[in-house]
$ cat my_file_15.cif   # mmCIF, C-alpha atoms and all ligand atoms
data_input
#
loop_
_atom_site.label_atom_id
_atom_site.label_comp_id
_atom_site.auth_asym_id
_atom_site.auth_seq_id
_atom_site.Cartn_x
_atom_site.Cartn_y
_atom_site.Cartn_z
CA MET A 415 -23.83 25.17 10.15
CA ARG A 416 -21.55 27.29 7.94
CA ALA A 417 -18.75 26.08 5.67
CA VAL A 418 -16.55 28.98 6.75
CA ASP A 419 -16.64 27.82 10.39
CA ILE A 420 -15.65 24.29 9.35
CA ILE A 421 -12.73 25.67 7.33
CA MET A 422 -11.63 27.81 10.30
CA LYS A 423 -11.87 24.86 12.68
CA LYS A 424 -9.71 22.68 10.43
CA ARG A 425 -7.31 25.57 9.80
CA SER A 426 -6.65 25.72 13.54
CA GLY A 427 -6.00 21.97 13.67
CA GLU A 428 -9.18 20.85 15.44
CA GLU A 429 -10.98 17.58 14.78
CA LEU A 430 -14.15 17.86 12.70
CA SER A 431 -17.28 16.00 13.72
CA ARG A 432 -19.17 13.55 11.51
CA GLU A 433 -21.92 16.15 11.04
CA GLU A 434 -19.45 18.77 9.88
CA ILE A 435 -17.79 16.44 7.35
CA GLU A 436 -21.21 15.30 6.09
CA PHE A 437 -22.33 18.92 5.77
CA LEU A 438 -19.26 19.96 3.79
CA ILE A 439 -19.03 16.99 1.40
CA GLY A 440 -22.80 16.68 1.04
CA GLY A 441 -23.07 20.40 0.27
CA TYR A 442 -20.27 20.17 -2.27
CA VAL A 443 -21.92 17.29 -4.15
CA ALA A 444 -25.30 19.05 -4.02
CA GLY A 445 -23.75 22.25 -5.37
CA THR A 446 -24.65 24.37 -2.34
CA ILE A 447 -21.03 24.76 -1.16
CA PRO A 448 -18.75 26.31 -3.80
CA ASP A 449 -15.39 25.08 -5.09
CA TYR A 450 -13.47 27.87 -3.40
CA GLN A 451 -14.62 26.89 0.08
CA VAL A 452 -13.91 23.20 -0.47
CA SER A 453 -10.47 24.16 -1.87
CA ALA A 454 -9.74 26.16 1.27
CA TRP A 455 -10.84 23.24 3.44
CA ALA A 456 -8.67 20.80 1.41
CA MET A 457 -5.67 23.11 1.91
CA ALA A 458 -6.37 23.24 5.65
CA VAL A 459 -6.45 19.41 5.68
CA TYR A 460 -3.23 19.37 3.67
CA PHE A 461 -1.46 21.35 6.41
CA GLN A 462 -3.27 20.13 9.54
CA GLY A 463 -4.01 16.51 8.59
CA MET A 464 -6.93 14.51 9.93
CA THR A 465 -7.30 12.12 12.84
CA PRO A 466 -7.94 8.43 11.98
CA ALA A 467 -11.56 8.94 13.06
CA GLU A 468 -12.01 11.91 10.70
CA THR A 469 -10.35 10.00 7.84
CA GLY A 470 -12.74 7.11 8.44
CA VAL A 471 -15.79 9.40 8.42
CA LEU A 472 -14.61 11.19 5.26
CA THR A 473 -14.12 7.83 3.52
CA GLU A 474 -17.57 6.67 4.56
CA VAL A 475 -19.24 9.91 3.49
CA MET A 476 -17.54 9.76 0.09
CA LEU A 477 -18.47 6.09 -0.32
CA LYS A 478 -22.10 6.85 0.53
CA SER A 479 -22.23 9.67 -2.01
CA GLY A 480 -22.72 6.86 -4.56
CA ASN A 481 -23.60 3.18 -4.84
CA VAL A 482 -21.82 0.00 -3.82
CA ILE A 483 -21.66 -2.68 -6.54
CA ASP A 484 -24.03 -5.48 -5.62
CA LEU A 485 -22.23 -8.80 -5.99
CA SER A 486 -24.94 -10.80 -4.20
CA GLY A 487 -25.84 -13.99 -5.98
CA ILE A 488 -22.23 -14.56 -7.09
CA SER A 489 -20.14 -16.82 -4.91
CA GLY A 490 -16.94 -15.26 -3.55
CA PRO A 491 -14.49 -14.73 -2.08
CA PHE A 492 -13.99 -11.30 -3.67
CA VAL A 493 -10.52 -9.82 -3.46
CA ASP A 494 -8.96 -6.99 -5.46
CA LYS A 495 -5.63 -5.21 -5.67
CA HIS A 496 -4.99 -1.51 -6.02
CA SER A 497 -1.72 0.12 -6.95
CA THR A 498 -1.04 3.75 -6.09
CA GLY A 499 0.35 4.09 -9.62
CA GLY A 500 3.63 3.82 -11.42
CA VAL A 501 5.50 3.32 -14.68
CA GLY A 502 5.32 -0.05 -16.44
CA ASP A 503 3.02 -1.33 -13.71
CA LYS A 504 0.89 -3.97 -15.40
CA THR A 505 0.43 -6.33 -12.45
CA SER A 506 -3.40 -5.99 -12.52
CA LEU A 507 -3.61 -7.72 -15.91
CA ILE A 508 -1.73 -10.73 -14.55
CA LEU A 509 -3.19 -10.85 -11.05
CA ALA A 510 -6.87 -10.96 -11.93
CA PRO A 511 -6.72 -14.18 -14.03
CA LEU A 512 -4.07 -15.66 -11.74
CA VAL A 513 -6.14 -15.44 -8.55
CA ALA A 514 -9.32 -16.30 -10.48
CA SER A 515 -7.66 -19.59 -11.44
CA LEU A 516 -7.45 -20.32 -7.69
CA GLY A 517 -11.14 -19.63 -7.09
CA ILE A 518 -10.89 -16.00 -6.00
CA LYS A 519 -13.16 -13.52 -7.77
CA ASP A 520 -11.69 -10.15 -8.66
CA PRO A 521 -14.16 -7.30 -9.30
CA MET A 522 -11.57 -4.95 -10.74
CA MET A 523 -12.34 -1.30 -11.41
CA SER A 524 -9.35 0.65 -12.67
CA GLY A 525 -8.30 4.07 -13.86
CA ARG A 526 -6.62 5.70 -16.83
CA ALA A 527 -3.13 7.05 -17.33
CA LEU A 528 -2.66 10.54 -15.95
CA GLY A 529 0.60 12.50 -15.93
CA HIS A 530 3.61 10.22 -15.78
CA THR A 531 1.72 7.17 -14.47
CA GLY A 532 0.13 4.55 -16.71
CA GLY A 533 -3.47 3.32 -16.55
CA THR A 534 -4.87 -0.21 -16.67
CA LEU A 535 -7.88 0.85 -18.77
CA ASP A 536 -5.65 2.32 -21.51
CA LYS A 537 -3.60 -0.87 -21.59
CA LEU A 538 -6.68 -3.07 -21.91
CA GLU A 539 -8.24 -0.83 -24.56
CA SER A 540 -5.13 -1.29 -26.72
CA ILE A 541 -6.51 -4.78 -27.39
CA PRO A 542 -8.71 -4.17 -30.45
CA GLY A 543 -12.39 -4.35 -29.46
CA TYR A 544 -11.79 -4.69 -25.69
CA ARG A 545 -14.46 -2.77 -23.75
CA THR A 546 -13.83 -1.18 -20.36
CA ASN A 547 -17.19 0.56 -20.05
CA LEU A 548 -19.19 -2.42 -18.82
CA THR A 549 -22.62 -1.92 -17.31
CA VAL A 550 -23.01 -3.19 -13.76
CA GLU A 551 -24.98 -6.14 -15.11
CA GLU A 552 -22.23 -7.04 -17.61
CA PHE A 553 -19.62 -6.62 -14.88
CA ARG A 554 -21.50 -9.10 -12.68
CA GLU A 555 -22.04 -11.59 -15.51
CA ILE A 556 -18.39 -11.60 -16.56
CA ILE A 557 -17.17 -11.99 -12.96
CA GLN A 558 -19.48 -14.96 -12.62
CA LYS A 559 -18.32 -16.51 -15.89
CA ASP A 560 -14.56 -15.75 -15.96
CA GLY A 561 -13.87 -15.19 -12.27
CA PHE A 562 -12.95 -11.55 -12.87
CA ALA A 563 -13.88 -8.51 -14.93
CA MET A 564 -11.90 -5.35 -15.60
CA THR A 565 -13.75 -2.11 -16.12
CA GLY A 566 -13.74 1.62 -15.42
CA GLN A 567 -15.54 3.19 -12.51
CA THR A 568 -19.18 3.85 -13.22
CA LYS A 569 -20.61 7.32 -12.55
CA GLU A 570 -22.42 5.91 -9.52
CA ILE A 571 -19.15 5.05 -7.74
CA ALA A 572 -18.14 7.70 -5.17
CA PRO A 573 -19.22 10.81 -7.12
CA ALA A 574 -17.92 12.98 -4.25
CA ASP A 575 -14.42 11.68 -4.99
CA ARG A 576 -14.69 12.48 -8.68
CA LEU A 577 -15.46 16.12 -7.83
CA LEU A 578 -12.99 16.42 -4.99
CA TYR A 579 -10.11 14.71 -6.80
CA ALA A 580 -10.49 17.06 -9.79
CA LEU A 581 -10.49 20.04 -7.42
CA ARG A 582 -7.43 18.76 -5.52
CA ASP A 583 -5.62 18.26 -8.80
CA VAL A 584 -5.76 21.99 -9.57
CA THR A 585 -5.33 23.30 -6.03
CA ALA A 586 -2.09 21.49 -5.06
CA THR A 587 -3.86 19.38 -2.44
CA VAL A 588 -3.43 15.89 -3.88
CA GLU A 589 -0.48 14.89 -1.68
CA SER A 590 -2.37 14.62 1.58
CA ILE A 591 -2.45 11.19 3.23
CA PRO A 592 -6.00 11.43 4.69
CA LEU A 593 -7.38 12.81 1.41
CA ILE A 594 -5.65 10.11 -0.65
CA THR A 595 -6.84 7.44 1.80
CA ALA A 596 -10.47 8.54 1.58
CA SER A 597 -10.26 8.91 -2.20
CA ILE A 598 -8.82 5.46 -2.86
CA LEU A 599 -10.76 3.56 -0.22
CA SER A 600 -14.15 5.09 -1.01
CA LYS A 601 -13.81 3.81 -4.60
CA LYS A 602 -12.34 0.44 -3.72
CA VAL A 603 -14.87 -0.37 -1.02
CA ALA A 604 -17.64 0.53 -3.49
CA GLU A 605 -16.46 -2.29 -5.79
CA GLY A 606 -17.76 -4.81 -3.32
CA ALA A 607 -14.50 -6.69 -2.59
CA GLU A 608 -14.14 -8.11 0.94
CA GLY A 609 -10.37 -8.14 0.85
CA LEU A 610 -7.99 -5.60 -0.69
CA VAL A 611 -4.27 -5.74 -1.35
CA PHE A 612 -2.61 -2.35 -1.81
CA ASP A 613 0.59 -1.95 -3.75
CA VAL A 614 1.83 1.32 -2.28
CA LYS A 615 4.68 2.51 -4.43
CA TYR A 616 7.47 4.83 -3.45
CA GLY A 617 10.30 6.36 -5.46
CA SER A 618 10.75 8.68 -8.40
CA GLY A 619 7.95 7.17 -10.52
CA ALA A 620 5.47 7.02 -7.63
CA PHE A 621 3.23 9.57 -6.03
CA MET A 622 5.10 9.19 -2.77
CA LYS A 623 8.74 9.80 -3.52
CA ASP A 624 9.86 8.99 -0.03
CA PRO A 625 9.44 5.45 1.42
CA GLU A 626 8.52 6.87 4.85
CA ASP A 627 5.58 8.77 3.30
CA GLY A 628 4.63 5.62 1.38
CA GLU A 629 4.57 3.71 4.65
CA LYS A 630 2.37 6.34 6.30
CA LEU A 631 -0.09 6.06 3.40
CA ALA A 632 -0.01 2.26 3.59
CA ARG A 633 -0.78 2.35 7.34
CA SER A 634 -3.56 4.85 6.82
CA LEU A 635 -5.15 2.66 4.10
CA VAL A 636 -4.85 -0.50 6.21
CA ASN A 637 -6.21 1.07 9.41
CA THR A 638 -9.05 2.99 7.77
CA GLY A 639 -10.04 -0.05 5.70
CA ALA A 640 -10.00 -2.29 8.76
CA ALA A 641 -12.26 0.16 10.61
CA MET A 642 -14.71 -0.25 7.70
CA GLY A 643 -14.68 -4.03 8.08
CA LYS A 644 -12.37 -4.80 5.16
CA ARG A 645 -9.40 -7.15 5.29
CA ILE A 646 -6.42 -5.25 3.95
CA ILE A 647 -2.73 -5.95 3.36
CA ALA A 648 -0.35 -3.39 1.86
CA LEU A 649 3.05 -3.97 0.31
CA LEU A 650 5.45 -1.07 0.03
CA THR A 651 7.23 -1.52 -3.32
CA ASP A 652 10.01 0.28 -5.18
CA MET A 653 9.08 2.46 -8.16
CA ASN A 654 12.39 4.16 -8.83
CA GLU A 655 12.84 2.12 -12.02
CA PRO A 656 10.07 1.16 -14.48
CA LEU A 657 8.57 -2.25 -13.67
CA GLY A 658 9.35 -4.91 -16.27
CA ASN A 659 10.89 -4.61 -19.72
CA MET A 660 7.99 -2.83 -21.42
CA MET A 661 6.31 0.54 -20.90
CA GLY A 662 3.38 1.26 -23.20
CA ASN A 663 -0.20 0.15 -23.71
CA PHE A 664 -0.14 -2.85 -26.07
CA LEU A 665 3.49 -3.48 -25.11
CA GLU A 666 2.36 -4.03 -21.53
CA VAL A 667 -0.45 -6.35 -22.59
CA GLU A 668 2.18 -8.41 -24.39
CA GLU A 669 4.41 -8.48 -21.34
CA SER A 670 1.45 -9.55 -19.19
CA LEU A 671 0.91 -12.47 -21.55
CA ASP A 672 4.62 -13.32 -21.19
CA CYS A 673 4.14 -13.43 -17.41
CA LEU A 674 1.04 -15.60 -17.77
CA GLU A 675 3.20 -17.96 -19.82
CA GLY A 676 5.91 -18.03 -17.14
CA LYS A 677 8.32 -15.93 -19.23
CA GLY A 678 7.97 -12.59 -17.47
CA PRO A 679 10.93 -10.47 -16.33
CA LYS A 680 12.18 -11.16 -12.81
CA ASP A 681 11.21 -7.87 -11.15
CA LEU A 682 7.69 -7.89 -12.55
CA MET A 683 7.16 -11.55 -11.63
CA GLU A 684 8.45 -10.93 -8.12
CA VAL A 685 6.10 -8.01 -7.39
CA THR A 686 3.17 -9.78 -9.06
CA LEU A 687 3.66 -13.06 -7.18
CA GLU A 688 4.06 -11.33 -3.82
CA LEU A 689 0.85 -9.33 -4.39
CA ALA A 690 -0.98 -12.42 -5.67
CA ALA A 691 0.15 -14.42 -2.63
CA ARG A 692 -1.52 -11.86 -0.33
CA MET A 693 -4.70 -11.93 -2.41
CA VAL A 694 -4.78 -15.70 -1.98
CA VAL A 695 -4.37 -15.32 1.79
CA LEU A 696 -7.15 -12.71 1.99
CA GLY A 697 -9.35 -14.97 -0.12
CA GLY A 698 -8.88 -17.68 2.51
CA LYS A 699 -7.21 -20.15 0.13
CA ALA A 700 -3.81 -20.11 1.88
CA LYS A 701 -2.70 -19.57 5.47
CA THR A 702 0.58 -17.82 4.70
CA ALA A 703 1.93 -15.68 1.89
CA GLN A 704 4.55 -18.36 1.26
CA GLU A 705 1.86 -20.98 0.72
CA GLY A 706 -0.11 -18.53 -1.43
CA ARG A 707 2.92 -17.83 -3.60
CA ALA A 708 3.57 -21.54 -4.15
CA MET A 709 -0.07 -21.94 -5.23
CA CYS A 710 0.29 -19.02 -7.66
CA GLU A 711 3.48 -20.44 -9.15
CA ALA A 712 1.80 -23.82 -9.66
CA ALA A 713 -1.24 -22.13 -11.21
CA LEU A 714 0.93 -20.24 -13.70
CA ALA A 715 2.70 -23.45 -14.65
CA SER A 716 -0.69 -25.07 -15.36
CA GLY A 717 -1.57 -22.48 -18.04
CA LYS A 718 -5.02 -21.88 -16.54
CA PRO A 719 -4.52 -18.13 -15.81
CA ARG A 720 -3.51 -17.53 -19.45
CA GLU A 721 -6.63 -19.33 -20.62
CA LEU A 722 -8.79 -17.24 -18.27
CA PHE A 723 -7.19 -14.04 -19.53
CA LEU A 724 -7.93 -14.96 -23.15
CA ASN A 725 -11.51 -15.96 -22.20
CA ASN A 726 -11.92 -12.55 -20.59
CA VAL A 727 -10.64 -10.80 -23.73
CA ARG A 728 -13.46 -12.50 -25.63
CA SER A 729 -16.03 -11.72 -22.91
CA GLN A 730 -15.14 -8.02 -23.00
CA GLY A 731 -15.34 -7.63 -26.78
CA GLY A 732 -11.83 -8.50 -28.01
CA ASN A 733 -10.64 -11.37 -30.14
CA PRO A 734 -8.01 -13.58 -28.45
CA ASP A 735 -6.74 -14.99 -31.78
CA GLN A 736 -6.22 -11.50 -33.13
CA LEU A 737 -4.47 -10.48 -29.91
CA LEU A 738 -2.02 -13.37 -30.23
CA GLU A 739 -1.55 -12.58 -33.91
CA LEU A 740 -0.67 -8.94 -33.14
CA ARG A 741 1.89 -9.95 -30.55
CA GLY A 742 5.36 -8.62 -31.38
CA ARG A 743 4.00 -6.73 -34.41
CA TYR A 744 1.53 -4.12 -33.20
CA ARG A 745 3.90 -1.16 -33.10
CA SER A 746 3.80 2.47 -34.20
CA PRO A 747 5.70 3.11 -37.47
CA PHE A 748 7.60 5.93 -35.72
CA SER A 749 10.51 4.48 -33.80
CA MET A 750 14.07 5.13 -32.64
CA GLU A 751 16.78 3.38 -30.71
CA ILE A 752 18.54 4.67 -27.62
CA ARG A 753 22.16 3.55 -27.35
CA ALA A 754 24.53 3.50 -24.40
CA PRO A 755 26.58 6.72 -24.43
CA ARG A 756 29.47 4.92 -22.67
CA SER A 757 30.48 1.49 -21.38
CA GLY A 758 29.65 0.46 -17.82
CA TYR A 759 26.80 -0.77 -15.63
CA ILE A 760 23.33 0.71 -15.81
CA SER A 761 22.82 2.27 -12.39
CA HIS A 762 19.46 3.96 -12.98
CA ILE A 763 16.67 4.32 -15.51
CA ASP A 764 14.56 6.98 -13.89
CA ALA A 765 10.92 5.94 -13.77
CA TYR A 766 9.60 9.50 -13.52
CA GLN A 767 11.43 10.75 -16.61
CA ILE A 768 10.45 7.61 -18.52
CA GLY A 769 6.82 8.22 -17.50
CA LEU A 770 7.02 11.84 -18.67
CA ALA A 771 8.57 10.68 -21.94
CA GLY A 772 5.60 8.31 -22.23
CA VAL A 773 3.23 11.29 -22.22
CA HIS A 774 5.07 12.79 -25.22
CA LEU A 775 5.11 9.43 -27.00
CA GLY A 776 1.35 8.97 -26.56
CA VAL A 777 1.37 6.25 -23.87
CA GLY A 778 -0.07 8.59 -21.26
CA ARG A 779 -1.87 11.89 -21.09
CA ASN A 780 -1.63 15.28 -19.41
CA ARG A 781 -5.35 16.00 -19.46
CA THR A 782 -8.14 13.49 -18.97
CA GLU A 783 -9.55 14.27 -22.45
CA ASP A 784 -6.26 13.49 -24.29
CA VAL A 785 -6.32 10.39 -26.52
CA VAL A 786 -3.56 7.80 -26.03
CA SER A 787 -1.84 5.59 -28.61
CA PRO A 788 -2.10 1.79 -28.30
CA THR A 789 1.20 1.21 -30.10
CA ALA A 790 3.56 3.74 -28.50
CA GLY A 791 6.01 2.85 -25.75
CA ILE A 792 9.48 1.76 -24.77
CA GLN A 793 11.10 -1.67 -24.69
CA PHE A 794 14.07 -1.88 -22.35
CA HIS A 795 16.68 -4.27 -23.73
CA LYS A 796 19.00 -3.54 -20.82
CA ARG A 797 18.02 -2.80 -17.26
CA TYR A 798 19.38 -1.75 -13.88
CA GLY A 799 22.60 -3.63 -13.09
CA ASP A 800 23.27 -4.77 -16.68
CA LEU A 801 26.70 -4.32 -18.23
CA VAL A 802 26.67 -2.40 -21.53
CA GLN A 803 29.28 -1.40 -24.08
CA SER A 804 29.27 2.06 -25.59
CA GLY A 805 26.85 2.04 -28.56
CA ASP A 806 24.77 -0.96 -27.38
CA ILE A 807 21.04 -0.59 -27.91
CA VAL A 808 19.50 0.00 -24.49
CA MET A 809 15.93 0.84 -25.55
CA THR A 810 13.65 0.77 -28.58
CA VAL A 811 11.14 3.60 -28.51
CA TRP A 812 7.86 3.94 -30.44
CA GLY A 813 5.98 7.26 -30.57
CA LYS A 814 2.71 8.52 -32.00
CA SER A 815 4.65 10.75 -34.47
CA ASP A 816 8.18 11.76 -35.43
CA GLN A 817 7.80 14.91 -33.36
CA SER A 818 6.83 12.87 -30.29
CA LEU A 819 10.12 10.96 -30.57
CA LYS A 820 12.05 14.23 -30.73
CA ASP A 821 10.19 15.57 -27.67
CA ALA A 822 10.73 12.39 -25.66
CA LYS A 823 14.40 11.82 -26.55
CA PRO A 824 16.03 14.24 -24.06
CA LEU A 825 13.91 12.84 -21.23
CA ILE A 826 14.79 9.24 -22.09
CA GLU A 827 18.48 10.02 -22.45
CA GLY A 828 18.36 11.99 -19.18
CA ALA A 829 16.76 9.00 -17.43
CA LEU A 830 19.66 6.67 -18.23
CA GLN A 831 22.67 6.57 -15.90
CA ILE A 832 25.73 4.38 -16.37
CA GLN A 833 28.59 3.91 -13.89
CA ASP A 834 31.84 1.93 -13.71
CA SER A 835 30.96 -0.38 -10.83
CA LYS A 836 28.08 -2.82 -10.54
CA PRO A 837 25.29 -1.17 -8.49
CA ALA A 838 23.86 -2.81 -5.36
CA LEU A 839 20.97 -5.27 -5.74
CA ARG A 840 17.58 -3.55 -5.54
CA THR A 841 15.07 -4.34 -2.82
CA LEU A 842 11.76 -4.49 -4.65
CA ILE A 843 9.51 -5.09 -1.67
CA ARG A 844 10.41 -3.01 1.32
CA LYS A 845 7.72 -3.92 3.79
CA GLU A 846 4.40 -5.59 4.39
CA ILE A 847 1.84 -3.63 6.40
CA ALA A 848 -1.21 -5.48 7.67
N1 LIG B 1 -5.41 8.02 -6.49
C1 LIG B 1 -6.67 8.27 -6.13
O1 LIG B 1 -7.58 7.58 -6.57
N2 LIG B 1 -6.90 9.30 -5.29
C2 LIG B 1 -5.93 10.09 -4.79
O2 LIG B 1 -6.22 10.98 -4.03
C3 LIG B 1 -4.62 9.81 -5.17
C4 LIG B 1 -4.39 8.76 -6.02
#
$ encode --input "my_file_15.cif" --output "structure tokens"
Amino acid sequence: MRAVDIIMKKRSGEELSREEIEFLIGGYVAGTIPDYQVSAWAMAVYFQGMTPAETGVLTEVMLKSGNVIDLSGISGPFVDKHSTGGVGDKTSLILAPLVASLGIKDPMMSGRALGHTGGTLDKLESIPGYRTNLTVEEFREIIQKDGFAMTGQTKEIAPADRLLYALRDVTATVESIPLITASILSKKVAEGAEGLVFDVKYGSGAFMKDPEDGEKLARSLVNTGAAMGKRIIALLTDMNEPLGNMMGNFLEVEESLDCLEGKGPKDLMEVTLELAARMVVLGGKAKTAQEGRAMCEAALASGKPRELFLNNVRSQGGNPDQLLELRGRYRSPFSMEIRAPRSGYISHIDAYQIGLAGVHLGVGRNRTEDVVSPTAGIQFHKRYGDLVQSGDIVMTVWGKSDQSLKDAKPLIEGALQIQDSKPALRTLIRKEIA
């Protein structure tokens, strides 16, 4: 078999066999097939797509390039959530203790901020002492003890994806539904969860700008996952505006605590509860999402999820008392306010531009080796649909330096739109795909 023949076959739109996909990916991981041939193949996939059968095989081959976390000996059910990424998206921090309080174990492996999107690991690491580099043994122990653990992917998880994703990133081949499906699912299935809820975001701050593309990705994830024996539900959710009132690392930890105390902003609570409800259904604790949501609301009111979150902070190296002490105070000394340039209703705060501003401020990063700031970010005092008077403070911004504030300012000001009439209500959850 030759890589060039496989590239040619895909270039002409034919379906590749299991053996051909195994040969190409296996050879890439082993170092016998060079980057340039795999890049050419990825570009052919970008233009020609893959059949569901090919996508399934690619996912399986990538999964088998590494290990699957062994959760045997721990009682389930095991259910996790994965978001395709956004701005201000901190639902993971709330969901894991929330569903754990209902007897569902969440083996959560997350990623870091990259480009305009935030990362769960960076948020958690803003808690002084919190470790996200757990060994597999620690991961298992903490899941058993707290009902969930939150860590980064170990090197043994889908190494083929690590190589391929880095290559796609520099060859303009990320935005391919079969390649995204295989990338996400190979890692998620390796975590060992039986059920997965996907939060597939669409809009300016998402990967998929267009809801129709978001829906195609959601269907591909659900169908490929089902073919691998996983129970999957996807929600298609709006990411045109940042989620919640806070965007930043420690700021988002604080807002997650607010949610765990029943004081979270409406949009964030809505998305979180709808995702949690599906996790409860997949975990077999409720028959319908409605029933699951009612259980989640009651759990939040009991205070148990908050207690589990604080227990987990201790288990992963942080100090819950110190965390509570830092609340409302752990901020960069470099700050500025953004005021309304005119009176009217806020009709848009563009998530993408806010996310890009976050990179300047130090919330996110452009390159994987960049260091992020725990205390940078933006607090939104006014949001979509709110009435403001000219000169009102709309946002407080914290940056890693004075220069970072100067660099971020035009993006933040450009993100804010104000109009005379009240804008239409937003639909946060567009569709459920199961
Ligand atoms: N996230 C992933 O993990 N992989 C992709 O291909 C895209 C987003």
$ residues_near_ligand --input "my_file_15.cif" --ligand "ligand LIG 1 (chain B)" --cutoff "12 Å" --atoms "only C-alpha atoms and all ligand atoms" --output "ChimeraX atom specification"
/A:456,460,473,476,496-500,523-529,531,533,567,571-572,574-583,586-602,612-615,620-622,631,635
$ closest_residue --input "my_file_15.cif" --among "A:Ile647, A:Leu512, A:Leu689, A:Ile807" --to "Ala715 (chain A)" --atoms "all atoms listed in the file"
A:Leu512
$ residues_around --input "my_file_15.cif" --residues "Lys823 (chain A)" --least-positions-apart "6" --cutoff "10 Å" --atoms "all atoms listed in the file" --output "mmCIF file with C-alpha atoms, in the coordinates of the input"
data_model
loop_
_atom_site.group_PDB
_atom_site.id
_atom_site.type_symbol
_atom_site.label_atom_id
_atom_site.label_comp_id
_atom_site.auth_asym_id
_atom_site.auth_seq_id
_atom_site.Cartn_x
_atom_site.Cartn_y
_atom_site.Cartn_z
ATOM 1 C CA MET A 750 14.070 5.130 -32.640
ATOM 2 C CA GLU A 751 16.780 3.380 -30.710
ATOM 3 C CA ILE A 752 18.540 4.670 -27.620
ATOM 4 C CA ILE A 768 10.450 7.610 -18.520
ATOM 5 C CA ALA A 771 8.570 10.680 -21.940
ATOM 6 C CA HIS A 774 5.070 12.790 -25.220
ATOM 7 C CA LEU A 775 5.110 9.430 -27.000
ATOM 8 C CA VAL A 811 11.140 3.600 -28.510
ATOM 9 C CA GLN A 817 7.800 14.910 -33.360
ATOM 10 C CA ALA A 829 16.760 9.000 -17.430
#
$ atom_distance --input "my_file_15.cif" --atom1 "CA of Thr810 (chain A)" --atom2 "CA of Arg753 (chain A)"
9.0 Å
$ atom_distance --input "my_file_15.cif" --atom1 "CA of Phe794 (chain A)" --atom2 "CA of Glu846 (chain A)"
28.7 Å
$ closest_residue --input "my_file_15.cif" --among "A:Leu696, A:Met457, A:Leu737, A:Cys673" --to "Thr585 (chain A)" --atoms "all atoms listed in the file"
A:Met457
$ residues_around --input "my_file_15.cif" --residues "region 549-565 of chain A" --least-positions-apart "4" --cutoff "8 Å" --atoms "all atoms listed in the file" --output "JSON, numbers by chain"
{"A": [483, 485, 488, 489, 510, 511, 514, 515, 517, 518, 519, 520, 521, 522, 523, 524, 535, 545, 722, 725, 726, 729]}
$ atom_distance --input "my_file_15.cif" --atom1 "CA of Gly813 (chain A)" --atom2 "CA of Leu738 (chain A)"
22.1 Å
$ closest_residue --input "my_file_15.cif" --among "A:Ala838, A:Leu825, A:Ala690, A:Ile847" --to "Ile508 (chain A)" --atoms "all atoms listed in the file"
A:Ala690
$ residues_around --input "my_file_15.cif" --residues "Gly470 (chain A)" --least-positions-apart "3" --cutoff "8 Å" --atoms "only C-alpha atoms" --output "PyMOL selection string"
chain A and resi 466-467+473-474+596+638+641-642
$ write_last_selection --input "my_file_15.cif" --atoms "C-alpha atoms" --output "short mmCIF file (atom, residue, chain, number, x, y, z; two decimals), keeping the file's coordinate frame"
data_model
loop_
_atom_site.label_atom_id
_atom_site.label_comp_id
_atom_site.auth_asym_id
_atom_site.auth_seq_id
_atom_site.Cartn_x
_atom_site.Cartn_y
_atom_site.Cartn_z
CA PRO A 466 -7.94 8.43 11.98
CA ALA A 467 -11.56 8.94 13.06
CA THR A 473 -14.12 7.83 3.52
CA GLU A 474 -17.57 6.67 4.56
CA ALA A 596 -10.47 8.54 1.58
CA THR A 638 -9.05 2.99 7.77
CA ALA A 641 -12.26 0.16 10.61
CA MET A 642 -14.71 -0.25 7.70
#
$ closest_residue --input "my_file_15.cif" --among "A:Ile541, A:Leu682, A:Val727, A:Leu507" --to "Met653 (chain A)" --atoms "all atoms listed in the file"
A:Leu682
$ decode --input "my_file_15.cif" --residues "region 745-752 of chain A" --atoms "N, CA and C atoms" --output "CSV table (one decimal), in the first residue's frame"
chain,number,residue,atom,x,y,z
A,745,ARG,N,-7.9,40.0,41.4
A,745,ARG,CA,-8.1,40.7,40.2
A,745,ARG,C,-6.7,41.3,39.8
A,746,SER,N,-6.4,41.4,38.5
A,746,SER,CA,-5.2,42.0,38.1
A,746,SER,C,-5.2,43.5,38.5
A,747,PRO,N,-4.1,44.1,38.8
A,747,PRO,CA,-4.1,45.6,39.2
A,747,PRO,C,-4.3,46.4,37.9
A,748,PHE,N,-4.2,45.9,36.8
A,748,PHE,CA,-4.4,46.7,35.5
A,748,PHE,C,-5.8,46.6,35.1
A,749,SER,N,-6.6,47.7,35.2
A,749,SER,CA,-8.0,47.6,34.8
A,749,SER,C,-8.5,48.8,34.1
A,750,MET,N,-9.6,48.7,33.5
A,750,MET,CA,-10.3,49.9,32.8
A,750,MET,C,-11.8,49.6,32.7
A,751,GLU,N,-12.5,50.7,32.5
A,751,GLU,CA,-13.9,50.5,32.4
A,751,GLU,C,-14.3,50.8,30.9
A,752,ILE,N,-15.3,50.1,30.4
A,752,ILE,CA,-15.9,50.4,29.1
A,752,ILE,C,-17.3,51.0,29.3
